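What follows is the content of start-v2.txt (compact mmCIF, C-alpha atoms).
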```txt
# COMPACT_ATOMS: atom_id res chain seq x y z
CA MET A 690 0.00 0.00 0.00
CA LYS A 691 2.86 2.37 0.86
CA ARG A 692 4.47 1.70 -2.53
CA ILE A 693 1.18 2.47 -4.27
CA LEU A 694 0.81 5.72 -2.36
CA LYS A 695 4.43 6.59 -3.10
CA ALA A 696 3.87 5.89 -6.79
CA VAL A 697 0.79 8.08 -6.79
CA LYS A 698 2.76 10.90 -5.16
CA VAL A 699 5.61 10.59 -7.68
CA THR A 700 3.14 10.53 -10.57
CA THR A 701 1.37 13.59 -9.17
CA VAL A 702 4.66 15.49 -8.84
CA LEU A 703 5.74 14.55 -12.37
CA MET A 704 2.41 15.67 -13.80
CA ALA A 705 2.72 18.97 -11.96
CA VAL A 706 6.25 19.52 -13.30
CA LEU A 707 5.11 18.68 -16.82
CA ALA A 708 2.17 21.02 -16.47
CA LEU A 709 4.45 23.83 -15.37
CA GLY A 710 6.78 23.12 -18.26
CA ILE A 711 3.93 23.13 -20.75
CA SER A 712 2.55 26.29 -19.22
CA GLY A 713 5.97 27.97 -19.36
CA CYS A 714 6.40 26.99 -23.00
CA ALA A 715 2.96 28.31 -23.80
CA LYS A 716 3.94 31.71 -22.44
CA LYS A 717 7.14 31.88 -24.49
CA PRO A 718 6.47 33.91 -27.64
CA GLU A 719 6.75 32.16 -30.95
CA PRO A 720 9.61 33.54 -33.03
CA PRO A 721 8.64 35.51 -36.12
CA LYS A 722 9.32 33.72 -39.40
CA GLU A 723 11.75 36.39 -40.58
CA PRO A 724 14.64 38.01 -38.69
CA TYR A 725 14.76 41.72 -38.08
CA LYS A 726 17.19 43.35 -40.49
CA ILE A 727 19.39 46.31 -39.66
CA GLY A 728 21.46 47.89 -42.41
CA ALA A 729 24.76 49.62 -41.62
CA ILE A 730 27.01 51.78 -43.77
CA PHE A 731 30.32 52.88 -42.29
CA ALA A 732 33.66 54.12 -43.61
CA ALA A 733 35.53 51.08 -42.32
CA THR A 734 38.40 51.76 -44.71
CA GLY A 735 39.69 54.87 -46.44
CA GLY A 736 40.34 58.36 -45.14
CA ALA A 737 37.62 58.31 -42.47
CA SER A 738 38.38 54.80 -41.16
CA MET A 739 39.57 56.23 -37.83
CA LEU A 740 35.90 57.05 -37.29
CA GLY A 741 34.21 54.30 -39.26
CA LEU A 742 36.13 51.25 -38.09
CA PRO A 743 35.11 51.69 -34.41
CA GLU A 744 31.52 52.09 -35.64
CA LYS A 745 31.74 48.85 -37.61
CA ASN A 746 33.30 47.03 -34.66
CA THR A 747 30.61 48.34 -32.32
CA ALA A 748 27.75 47.25 -34.58
CA GLU A 749 29.21 43.75 -34.94
CA MET A 750 29.67 43.49 -31.17
CA LEU A 751 26.12 44.59 -30.42
CA VAL A 752 24.58 42.15 -32.93
CA GLU A 753 26.44 39.28 -31.27
CA GLU A 754 25.32 40.51 -27.87
CA ILE A 755 21.64 40.90 -28.70
CA ASN A 756 21.39 37.54 -30.47
CA ALA A 757 23.12 35.79 -27.57
CA ASN A 758 20.31 37.14 -25.39
CA GLY A 759 17.41 36.06 -27.58
CA GLY A 760 17.39 38.76 -30.24
CA ILE A 761 14.30 40.95 -30.48
CA ASN A 762 11.26 39.08 -29.18
CA TRP A 763 13.11 35.79 -29.77
CA SER A 764 13.80 36.72 -33.36
CA GLU A 765 17.35 36.94 -34.69
CA VAL A 766 18.78 40.32 -35.66
CA LYS A 767 20.70 40.27 -38.94
CA LEU A 768 23.19 42.99 -39.79
CA PHE A 769 23.77 43.92 -43.43
CA MET A 770 26.88 46.08 -43.44
CA TYR A 771 28.72 47.83 -46.28
CA ASP A 772 31.93 49.85 -46.35
CA THR A 773 31.42 53.27 -47.93
CA GLU A 774 35.10 54.30 -47.78
CA ALA A 775 33.58 57.75 -47.12
CA ASP A 776 32.61 57.87 -50.81
CA PRO A 777 29.16 59.42 -51.47
CA THR A 778 28.56 57.35 -54.61
CA LYS A 779 29.39 54.10 -52.85
CA ALA A 780 27.15 55.10 -49.97
CA VAL A 781 24.19 55.83 -52.27
CA ASN A 782 24.69 52.46 -54.01
CA ALA A 783 24.86 50.74 -50.63
CA VAL A 784 21.58 52.34 -49.56
CA LYS A 785 19.90 51.16 -52.77
CA LYS A 786 21.15 47.64 -52.13
CA LEU A 787 20.02 47.68 -48.50
CA VAL A 788 16.54 48.82 -49.54
CA SER A 789 15.85 46.77 -52.67
CA GLN A 790 17.94 43.64 -52.16
CA ASP A 791 18.48 43.19 -48.42
CA MET A 792 15.10 44.73 -47.54
CA VAL A 793 16.26 46.07 -44.20
CA ASP A 794 13.96 47.49 -41.55
CA ILE A 795 16.22 50.43 -40.67
CA ILE A 796 19.69 51.78 -41.54
CA ILE A 797 22.40 53.12 -39.21
CA GLY A 798 25.30 55.27 -40.41
CA PRO A 799 26.98 56.62 -42.41
CA THR A 800 30.12 57.88 -40.74
CA THR A 801 30.59 61.37 -42.20
CA SER A 802 28.41 64.42 -42.70
CA GLY A 803 29.01 64.88 -46.43
CA VAL A 804 28.15 61.26 -47.17
CA THR A 805 25.04 61.48 -45.01
CA MET A 806 23.83 64.52 -46.93
CA ALA A 807 24.44 62.64 -50.20
CA ILE A 808 22.20 59.70 -49.23
CA ILE A 809 19.33 61.69 -47.69
CA PRO A 810 17.41 62.04 -50.99
CA GLU A 811 17.57 58.27 -51.48
CA ILE A 812 16.48 57.65 -47.87
CA GLU A 813 13.52 59.99 -48.15
CA LYS A 814 12.55 58.50 -51.51
CA ALA A 815 12.69 54.92 -50.16
CA LYS A 816 10.98 55.96 -46.89
CA VAL A 817 13.35 53.86 -44.79
CA PRO A 818 14.34 55.26 -41.37
CA LEU A 819 17.99 56.27 -41.04
CA ILE A 820 19.99 57.02 -37.89
CA SER A 821 23.14 58.82 -39.01
CA CYS A 822 26.39 58.71 -37.06
CA ALA A 823 27.55 62.08 -38.43
CA ALA A 824 27.52 65.46 -36.74
CA ALA A 825 26.47 68.29 -39.08
CA VAL A 826 23.33 70.04 -37.93
CA SER A 827 22.14 70.22 -41.55
CA ILE A 828 21.46 66.48 -41.38
CA VAL A 829 18.44 67.08 -39.16
CA GLN A 830 17.74 70.80 -39.60
CA PRO A 831 15.40 71.28 -41.25
CA VAL A 832 13.77 68.05 -40.14
CA LYS A 833 13.61 65.25 -42.71
CA GLN A 834 10.84 62.73 -42.18
CA TYR A 835 12.97 59.58 -42.09
CA VAL A 836 16.35 60.94 -40.96
CA PHE A 837 17.66 60.96 -37.38
CA LYS A 838 21.17 61.18 -35.96
CA THR A 839 23.10 60.40 -32.77
CA PRO A 840 26.14 62.73 -32.50
CA GLN A 841 25.79 66.10 -30.88
CA THR A 842 25.52 68.85 -33.50
CA ASP A 843 28.30 71.18 -34.55
CA ILE A 844 26.26 74.10 -33.15
CA MET A 845 26.56 72.54 -29.67
CA ALA A 846 30.30 72.01 -30.15
CA VAL A 847 30.82 75.62 -31.21
CA GLU A 848 28.83 76.86 -28.22
CA LYS A 849 30.97 74.76 -25.88
CA ILE A 850 34.20 76.21 -27.30
CA TYR A 851 32.92 79.77 -27.44
CA THR A 852 31.71 79.65 -23.83
CA LYS A 853 35.25 78.76 -22.73
CA LEU A 854 36.85 81.46 -24.90
CA GLN A 855 34.44 84.06 -23.54
CA ALA A 856 35.20 83.01 -19.96
CA ASP A 857 38.93 83.35 -20.68
CA GLY A 858 38.47 86.87 -22.03
CA ILE A 859 39.48 86.02 -25.59
CA LYS A 860 38.16 88.40 -28.24
CA ARG A 861 39.96 87.53 -31.50
CA ILE A 862 40.08 84.08 -33.08
CA ALA A 863 41.50 82.41 -36.18
CA LEU A 864 39.71 79.58 -38.00
CA ILE A 865 41.23 76.75 -40.02
CA THR A 866 38.62 74.33 -41.35
CA VAL A 867 38.62 71.31 -43.67
CA SER A 868 36.94 71.65 -47.07
CA ASN A 869 34.28 68.95 -46.79
CA GLY A 870 30.75 68.55 -45.47
CA PHE A 871 31.82 68.44 -41.82
CA GLY A 872 34.19 71.37 -42.15
CA ASP A 873 31.77 73.46 -44.20
CA SER A 874 28.99 73.04 -41.66
CA GLY A 875 31.27 73.76 -38.72
CA ARG A 876 32.70 76.85 -40.40
CA VAL A 877 29.19 78.26 -40.92
CA GLN A 878 28.34 77.78 -37.25
CA LEU A 879 31.66 79.27 -36.12
CA GLN A 880 30.94 82.34 -38.25
CA ASN A 881 27.27 82.65 -37.30
CA LEU A 882 27.75 82.36 -33.54
CA ALA A 883 30.94 84.40 -33.03
CA ALA A 884 29.25 87.76 -32.45
CA ASN A 885 26.98 86.22 -29.81
CA TYR A 886 30.08 85.60 -27.68
CA GLY A 887 31.82 88.88 -28.44
CA LEU A 888 34.32 87.21 -30.77
CA SER A 889 35.91 88.61 -33.89
CA ILE A 890 37.26 86.27 -36.62
CA VAL A 891 40.59 87.71 -37.80
CA ALA A 892 41.60 84.77 -40.05
CA ASP A 893 39.54 82.20 -41.93
CA GLU A 894 41.75 79.55 -43.55
CA ARG A 895 40.79 76.29 -45.28
CA TYR A 896 42.64 73.05 -46.02
CA GLY A 897 41.92 69.96 -48.12
CA GLY A 898 40.94 66.64 -46.62
CA SER A 899 44.09 64.97 -47.97
CA ASP A 900 46.52 67.84 -47.28
CA THR A 901 49.65 66.87 -45.39
CA ASN A 902 51.06 70.31 -44.59
CA MET A 903 49.25 73.41 -43.32
CA THR A 904 52.23 75.71 -42.67
CA VAL A 905 51.07 78.23 -45.29
CA GLN A 906 47.69 78.70 -43.60
CA LEU A 907 49.20 78.75 -40.11
CA THR A 908 51.88 81.26 -41.14
CA LYS A 909 49.10 83.61 -42.22
CA ILE A 910 47.36 83.07 -38.87
CA LYS A 911 50.63 83.74 -37.03
CA GLY A 912 50.77 87.14 -38.73
CA THR A 913 47.44 88.21 -37.23
CA ASP A 914 46.55 89.31 -33.70
CA ALA A 915 44.47 86.18 -33.05
CA GLN A 916 44.35 85.05 -29.42
CA ALA A 917 43.25 81.48 -30.16
CA ILE A 918 42.99 79.07 -33.11
CA ILE A 919 40.03 76.82 -33.81
CA CYS A 920 40.68 73.86 -36.12
CA TRP A 921 37.59 72.12 -37.50
CA GLY A 922 38.10 68.72 -39.10
CA THR A 923 38.49 65.00 -38.56
CA ASN A 924 41.71 63.01 -38.45
CA PRO A 925 44.37 63.09 -39.78
CA GLY A 926 44.22 66.79 -40.80
CA PRO A 927 43.94 68.28 -37.28
CA ALA A 928 46.98 66.28 -36.14
CA VAL A 929 48.95 67.90 -38.97
CA VAL A 930 47.70 71.32 -37.89
CA ALA A 931 48.85 70.63 -34.33
CA LYS A 932 52.32 69.56 -35.50
CA ASN A 933 52.74 72.50 -37.90
CA ARG A 934 51.61 74.91 -35.19
CA LYS A 935 54.30 73.61 -32.86
CA GLU A 936 56.94 73.73 -35.61
CA LEU A 937 56.09 77.38 -36.31
CA GLY A 938 56.37 78.29 -32.63
CA ILE A 939 52.74 79.40 -32.36
CA THR A 940 51.85 79.53 -28.68
CA ILE A 941 48.25 80.78 -28.63
CA PRO A 942 45.73 78.12 -27.54
CA LEU A 943 44.48 75.57 -30.07
CA TYR A 944 40.91 74.31 -29.95
CA ASN A 945 39.62 71.41 -32.05
CA SER A 946 36.17 70.17 -32.97
CA HIS A 947 34.59 67.00 -31.62
CA GLY A 948 35.81 65.37 -34.83
CA VAL A 949 39.14 64.46 -33.18
CA ALA A 950 37.76 62.68 -30.11
CA SER A 951 39.98 59.64 -30.63
CA MET A 952 43.39 58.50 -29.38
CA ALA A 953 44.37 58.45 -33.07
CA PHE A 954 44.49 62.26 -32.91
CA ILE A 955 46.78 62.31 -29.89
CA GLU A 956 49.06 59.64 -31.35
CA GLY A 957 49.07 61.21 -34.81
CA SER A 958 50.08 64.60 -33.46
CA GLU A 959 53.27 63.10 -31.97
CA GLY A 960 52.94 65.14 -28.79
CA ALA A 961 51.92 68.39 -30.48
CA ALA A 962 48.33 68.11 -29.27
CA GLU A 963 49.41 68.45 -25.65
CA GLY A 964 47.47 71.22 -23.90
CA THR A 965 44.88 71.62 -26.67
CA TYR A 966 41.13 71.57 -26.08
CA LEU A 967 38.07 69.99 -27.68
CA PRO A 968 34.40 69.42 -26.90
CA ALA A 969 33.57 65.72 -26.63
CA GLY A 970 31.02 63.27 -25.32
CA LYS A 971 31.57 61.97 -21.80
CA LEU A 972 32.84 58.59 -23.01
CA LEU A 973 36.46 59.81 -23.12
CA ILE A 974 36.47 60.81 -19.46
CA VAL A 975 34.03 58.28 -17.99
CA ASP A 976 36.42 57.48 -15.13
CA GLN A 977 36.39 61.16 -14.14
CA LEU A 978 32.59 61.44 -13.94
CA ALA A 979 30.73 61.67 -10.65
CA ALA A 980 29.26 58.39 -9.43
CA ASP A 981 25.72 59.74 -9.79
CA ASP A 982 26.12 60.87 -13.41
CA PRO A 983 23.16 59.28 -15.25
CA GLN A 984 25.36 58.22 -18.18
CA LYS A 985 28.22 56.68 -16.22
CA LYS A 986 26.89 53.11 -16.08
CA VAL A 987 26.11 53.01 -19.80
CA LEU A 988 29.44 54.58 -20.73
CA ALA A 989 31.47 52.24 -18.52
CA GLY A 990 29.59 49.20 -19.78
CA TYR A 991 30.22 50.06 -23.41
CA LYS A 992 33.86 51.00 -22.82
CA ASN A 993 34.62 47.78 -20.98
CA ALA A 994 32.82 45.57 -23.51
CA TYR A 995 34.45 47.23 -26.53
CA GLU A 996 37.97 47.20 -25.17
CA ALA A 997 37.65 43.61 -23.99
CA LYS A 998 36.57 42.48 -27.46
CA TRP A 999 38.63 44.70 -29.74
CA GLY A 1000 41.50 45.97 -27.60
CA GLY A 1001 42.81 49.51 -27.86
CA SER A 1002 40.84 52.50 -26.59
CA VAL A 1003 37.17 53.18 -27.11
CA ASN A 1004 36.27 56.48 -28.79
CA THR A 1005 33.20 58.64 -29.25
CA PHE A 1006 32.70 57.57 -32.87
CA GLY A 1007 32.08 53.97 -31.88
CA GLY A 1008 29.74 55.45 -29.29
CA HIS A 1009 27.67 57.07 -32.04
CA ALA A 1010 27.13 53.63 -33.57
CA TYR A 1011 26.30 52.21 -30.13
CA ASP A 1012 23.56 54.80 -29.68
CA ALA A 1013 22.26 54.33 -33.24
CA PHE A 1014 22.05 50.55 -32.89
CA LYS A 1015 20.37 50.68 -29.48
CA LEU A 1016 17.85 53.26 -30.69
CA ALA A 1017 17.10 51.17 -33.77
CA VAL A 1018 16.44 48.10 -31.63
CA MET A 1019 14.26 50.08 -29.24
CA ALA A 1020 12.16 51.46 -32.11
CA ILE A 1021 11.72 47.97 -33.61
CA GLU A 1022 10.68 46.57 -30.23
CA LYS A 1023 8.14 49.33 -29.73
CA ALA A 1024 6.80 48.91 -33.25
CA ALA A 1025 6.43 45.16 -32.69
CA ALA A 1026 4.59 45.76 -29.41
CA GLY A 1027 2.18 48.07 -31.21
CA GLY A 1028 1.41 45.72 -34.07
CA GLU A 1029 2.99 45.33 -37.49
CA VAL A 1030 6.67 46.26 -37.94
CA THR A 1031 7.03 48.52 -40.97
CA HIS A 1032 9.35 51.31 -42.01
CA ASP A 1033 6.71 53.83 -41.00
CA SER A 1034 5.93 52.23 -37.64
CA ILE A 1035 9.65 52.13 -36.79
CA ARG A 1036 10.04 55.76 -37.85
CA ASP A 1037 7.04 56.77 -35.76
CA GLN A 1038 8.40 54.98 -32.69
CA LEU A 1039 11.84 56.55 -33.11
CA GLU A 1040 10.26 59.97 -33.02
CA LYS A 1041 8.57 59.12 -29.71
CA ILE A 1042 11.68 57.91 -27.85
CA THR A 1043 12.50 60.01 -24.80
CA GLY A 1044 14.79 59.53 -21.84
CA PHE A 1045 17.12 57.12 -23.65
CA VAL A 1046 20.50 57.20 -21.91
CA GLY A 1047 23.21 56.78 -24.53
CA THR A 1048 26.90 57.49 -24.88
CA GLY A 1049 26.26 60.88 -26.49
CA GLY A 1050 23.79 62.08 -23.88
CA ILE A 1051 20.16 61.58 -22.93
CA PHE A 1052 18.05 61.44 -26.09
CA ASN A 1053 14.61 63.04 -26.31
CA PHE A 1054 13.35 62.84 -29.87
CA SER A 1055 10.26 64.61 -31.13
CA ALA A 1056 8.57 65.58 -34.37
CA SER A 1057 10.63 68.78 -34.41
CA ASP A 1058 13.91 67.34 -33.08
CA HIS A 1059 15.50 64.29 -34.76
CA ASN A 1060 18.74 64.62 -32.79
CA GLY A 1061 17.22 64.74 -29.33
CA LEU A 1062 20.29 66.08 -27.52
CA THR A 1063 21.29 69.33 -25.83
CA LYS A 1064 24.76 70.80 -25.36
CA ASP A 1065 24.80 69.12 -21.92
CA GLY A 1066 25.87 65.99 -23.77
CA PHE A 1067 29.25 67.67 -24.34
CA VAL A 1068 32.07 68.27 -21.92
CA LEU A 1069 35.20 70.32 -22.60
CA VAL A 1070 38.29 68.12 -22.60
CA GLN A 1071 41.98 69.06 -22.53
CA ILE A 1072 44.82 66.79 -23.62
CA VAL A 1073 47.19 66.44 -20.67
CA ASP A 1074 50.12 64.01 -20.49
CA GLY A 1075 48.93 62.34 -23.68
CA ASN A 1076 45.44 61.60 -22.35
CA TRP A 1077 42.02 63.17 -21.84
CA LYS A 1078 41.30 65.39 -18.88
CA LEU A 1079 38.00 67.01 -17.96
CA ALA A 1080 38.57 70.76 -18.28
CA GLU A 1081 35.45 72.08 -16.56
```
Could you rewrite the structure in this file as structure tokens?
Amino acid sequence: MKRILKAVKVTTVLMAVLALGISGCAKKPEPPKEPYKIGAIFAATGGASMLGLPEKNTAEMLVEEINANGGINWSEVKLFMYDTEADPTKAVNAVKKLVSQDMVDIIIGPTTSGVTMAIIPEIEKAKVPLISCAAAVSIVQPVKQYVFKTPQTDIMAVEKIYTKLQADGIKRIALITVSNGFGDSGRVQLQNLAANYGLSIVADERYGGSDTNMTVQLTKIKGTDAQAIICWGTNPGPAVVAKNRKELGITIPLYNSHGVASMAFIEGSEGAAEGTYLPAGKLLIVDQLAADDPQKKVLAGYKNAYEAKWGGSVNTFGGHAYDAFKLAVMAIEKAAAGGEVTHDSIRDQLEKITGFVGTGGIFNFSASDHNGLTKDGFVLVQIVDGNWKLAE
């Protein structure tokens, strides 16, 4: 009799376990038949690879991470990535392929401002949401229906520099800017905002993206009464400017744009960048942030993950891709929760995202703001002893 009772108890327990298992399985969502597709276009090689390669590495790392944790709603995320080499034509062709052949749900990138501007007509025509990793304010102002971006704008960077110059009592400045989309946009903002801060531009020099010597431009600047120099470009040009400035014995302060927020700038300058300033996202100085900074956990998590996987030092450009990828996933998730996932539903959900803590700041998108950041996402950084130091 005891054996019978024991058998009944065992059978009862087994049935209960099976019931729980069946119930648990019933609650697990069925995976969609098709994976979610994210397109990515970065300048992984070529002149802008110092920016684009960290973006490519970041996107690959995040895809592995999300799929290892079940994807989006138990559906795999597939990344379709193309190297633009910072070439507008290649970028446009890549967008066409992503839209018509790969049939992606959303696109992140490209790396540079000029290339982003070149693909916008194709993006708007295809009505596929894009989250650019480039900085020029013209990318999102005026607002384009399907275009968003993650880096802080050049207006914010200029304001950060000009606030410091004003506080230091500087009145006369010299500009040296690269002749491309990023440099053109930055130059316009530098010119437009100068009077607001009591600044007079006494020199306005340009250089080509592939130039390897800027002594002519800097000699002209040396002959003026400028009290500070602002260089606007992305690597390697600004490193050349820093070296030529030192060679010419120019001692007035040098400020750079956020386009050099990478150790490649410090290393490329061969020590000449020491003491110079730039506005940058908080990623570069995460270890110097207060413990209660709302971005610190996200920044430290990304920095540690990236450096563990890829080695070297993390930079803000990879951070732009981190933010773009995370925002894309969030918009897809929200679109899926609301019903059918389409280009328009993803776009609509992107526009509604607020309070997203990223590497570039805290994003609050809206119908009138497809960047979603304020200048609080920037800090002013100085290069001291070959590293980044918070200067405010």
**Request:** Pick out the closest residue to Gly760 of chain A from this set: A:Val975, A:Met1019, A:Ala1056, A:Ile941. Count all atoms listed in the file.
**Result:**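 Between A:Val975, A:Met1019, A:Ala1056, A:Ile941, the residue approaching Gly760 of chain A most closely is A:Met1019.
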**Request:** Find the spatial neighbours of Lys971 of chain A, counting only C-alpha atoms, within a cut-off of 10 Å - ignore same-chain residues fewer than 5 positions away - and output them as a VMD selection string.
**Result:** chain A and resid 976 to 978 984 to 985 988 1005 1048 to 1050 1065 to 1070 1079
Export C-alpha atoms of the chosen residues as a PDB file, in the coordinates of the input?
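The new file out14.pdb reads:
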```pdb
ATOM      1  CA  ASP A 976      36.420  57.480 -15.130  1.00  0.00           C
ATOM      2  CA  GLN A 977      36.390  61.160 -14.140  1.00  0.00           C
ATOM      3  CA  LEU A 978      32.590  61.440 -13.940  1.00  0.00           C
ATOM      4  CA  GLN A 984      25.360  58.220 -18.180  1.00  0.00           C
ATOM      5  CA  LYS A 985      28.220  56.680 -16.220  1.00  0.00           C
ATOM      6  CA  LEU A 988      29.440  54.580 -20.730  1.00  0.00           C
ATOM      7  CA  THR A1005      33.200  58.640 -29.250  1.00  0.00           C
ATOM      8  CA  THR A1048      26.900  57.490 -24.880  1.00  0.00           C
ATOM      9  CA  GLY A1049      26.260  60.880 -26.490  1.00  0.00           C
ATOM     10  CA  GLY A1050      23.790  62.080 -23.880  1.00  0.00           C
ATOM     11  CA  ASP A1065      24.800  69.120 -21.920  1.00  0.00           C
ATOM     12  CA  GLY A1066      25.870  65.990 -23.770  1.00  0.00           C
ATOM     13  CA  PHE A1067      29.250  67.670 -24.340  1.00  0.00           C
ATOM     14  CA  VAL A1068      32.070  68.270 -21.920  1.00  0.00           C
ATOM     15  CA  LEU A1069      35.200  70.320 -22.600  1.00  0.00           C
ATOM     16  CA  VAL A1070      38.290  68.120 -22.600  1.00  0.00           C
ATOM     17  CA  LEU A1079      38.000  67.010 -17.960  1.00  0.00           C
TER      18      LEU A1079
END
```
**Fill in**
Computed gap from atom CA of Thr805 of chain A to atom CA of Lys779 of chain A is 11.6 Å
Residues within 10 Å of Pro818 of chain A, please, as a PDB file with C-alpha atoms, in the coordinates of the input. Count all atoms listed in the file; anything in the same chain fewer than 5 positions from it doesn't count.
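Okay, this is what ended up in part.pdb:
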```pdb
ATOM      1  CA  VAL A 793      16.260  46.070 -44.200  1.00  0.00           C
ATOM      2  CA  ASP A 794      13.960  47.490 -41.550  1.00  0.00           C
ATOM      3  CA  ILE A 795      16.220  50.430 -40.670  1.00  0.00           C
ATOM      4  CA  ILE A 796      19.690  51.780 -41.540  1.00  0.00           C
ATOM      5  CA  ILE A 797      22.400  53.120 -39.210  1.00  0.00           C
ATOM      6  CA  ILE A 812      16.480  57.650 -47.870  1.00  0.00           C
ATOM      7  CA  GLU A 813      13.520  59.990 -48.150  1.00  0.00           C
ATOM      8  CA  GLN A 834      10.840  62.730 -42.180  1.00  0.00           C
ATOM      9  CA  TYR A 835      12.970  59.580 -42.090  1.00  0.00           C
ATOM     10  CA  VAL A 836      16.350  60.940 -40.960  1.00  0.00           C
ATOM     11  CA  PHE A 837      17.660  60.960 -37.380  1.00  0.00           C
ATOM     12  CA  ALA A1017      17.100  51.170 -33.770  1.00  0.00           C
ATOM     13  CA  THR A1031       7.030  48.520 -40.970  1.00  0.00           C
ATOM     14  CA  HIS A1032       9.350  51.310 -42.010  1.00  0.00           C
ATOM     15  CA  ASP A1033       6.710  53.830 -41.000  1.00  0.00           C
ATOM     16  CA  SER A1034       5.930  52.230 -37.640  1.00  0.00           C
ATOM     17  CA  ILE A1035       9.650  52.130 -36.790  1.00  0.00           C
ATOM     18  CA  ARG A1036      10.040  55.760 -37.850  1.00  0.00           C
ATOM     19  CA  ASP A1037       7.040  56.770 -35.760  1.00  0.00           C
ATOM     20  CA  LEU A1039      11.840  56.550 -33.110  1.00  0.00           C
TER      21      LEU A1039
END
```
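Counting only C-alpha atoms, the residue from A:Lys935, A:Lys1078, A:His1009, A:Lys816 that sits nearest to Leu973 of chain A is A:Lys1078.
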**Length of the atom CA of Ala732 of chain A to atom CA of Tyr771 of chain A vector [Å]** =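 These atoms are spaced 8.4 Å apart.
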**Request:** Provide the atom CA of Val1046 of chain A to atom CA of Lys838 of chain A distance in Å, to one decimal place.
**Result:**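 Pair atom CA of Val1046 of chain A / atom CA of Lys838 of chain A returns 14.6 Å.
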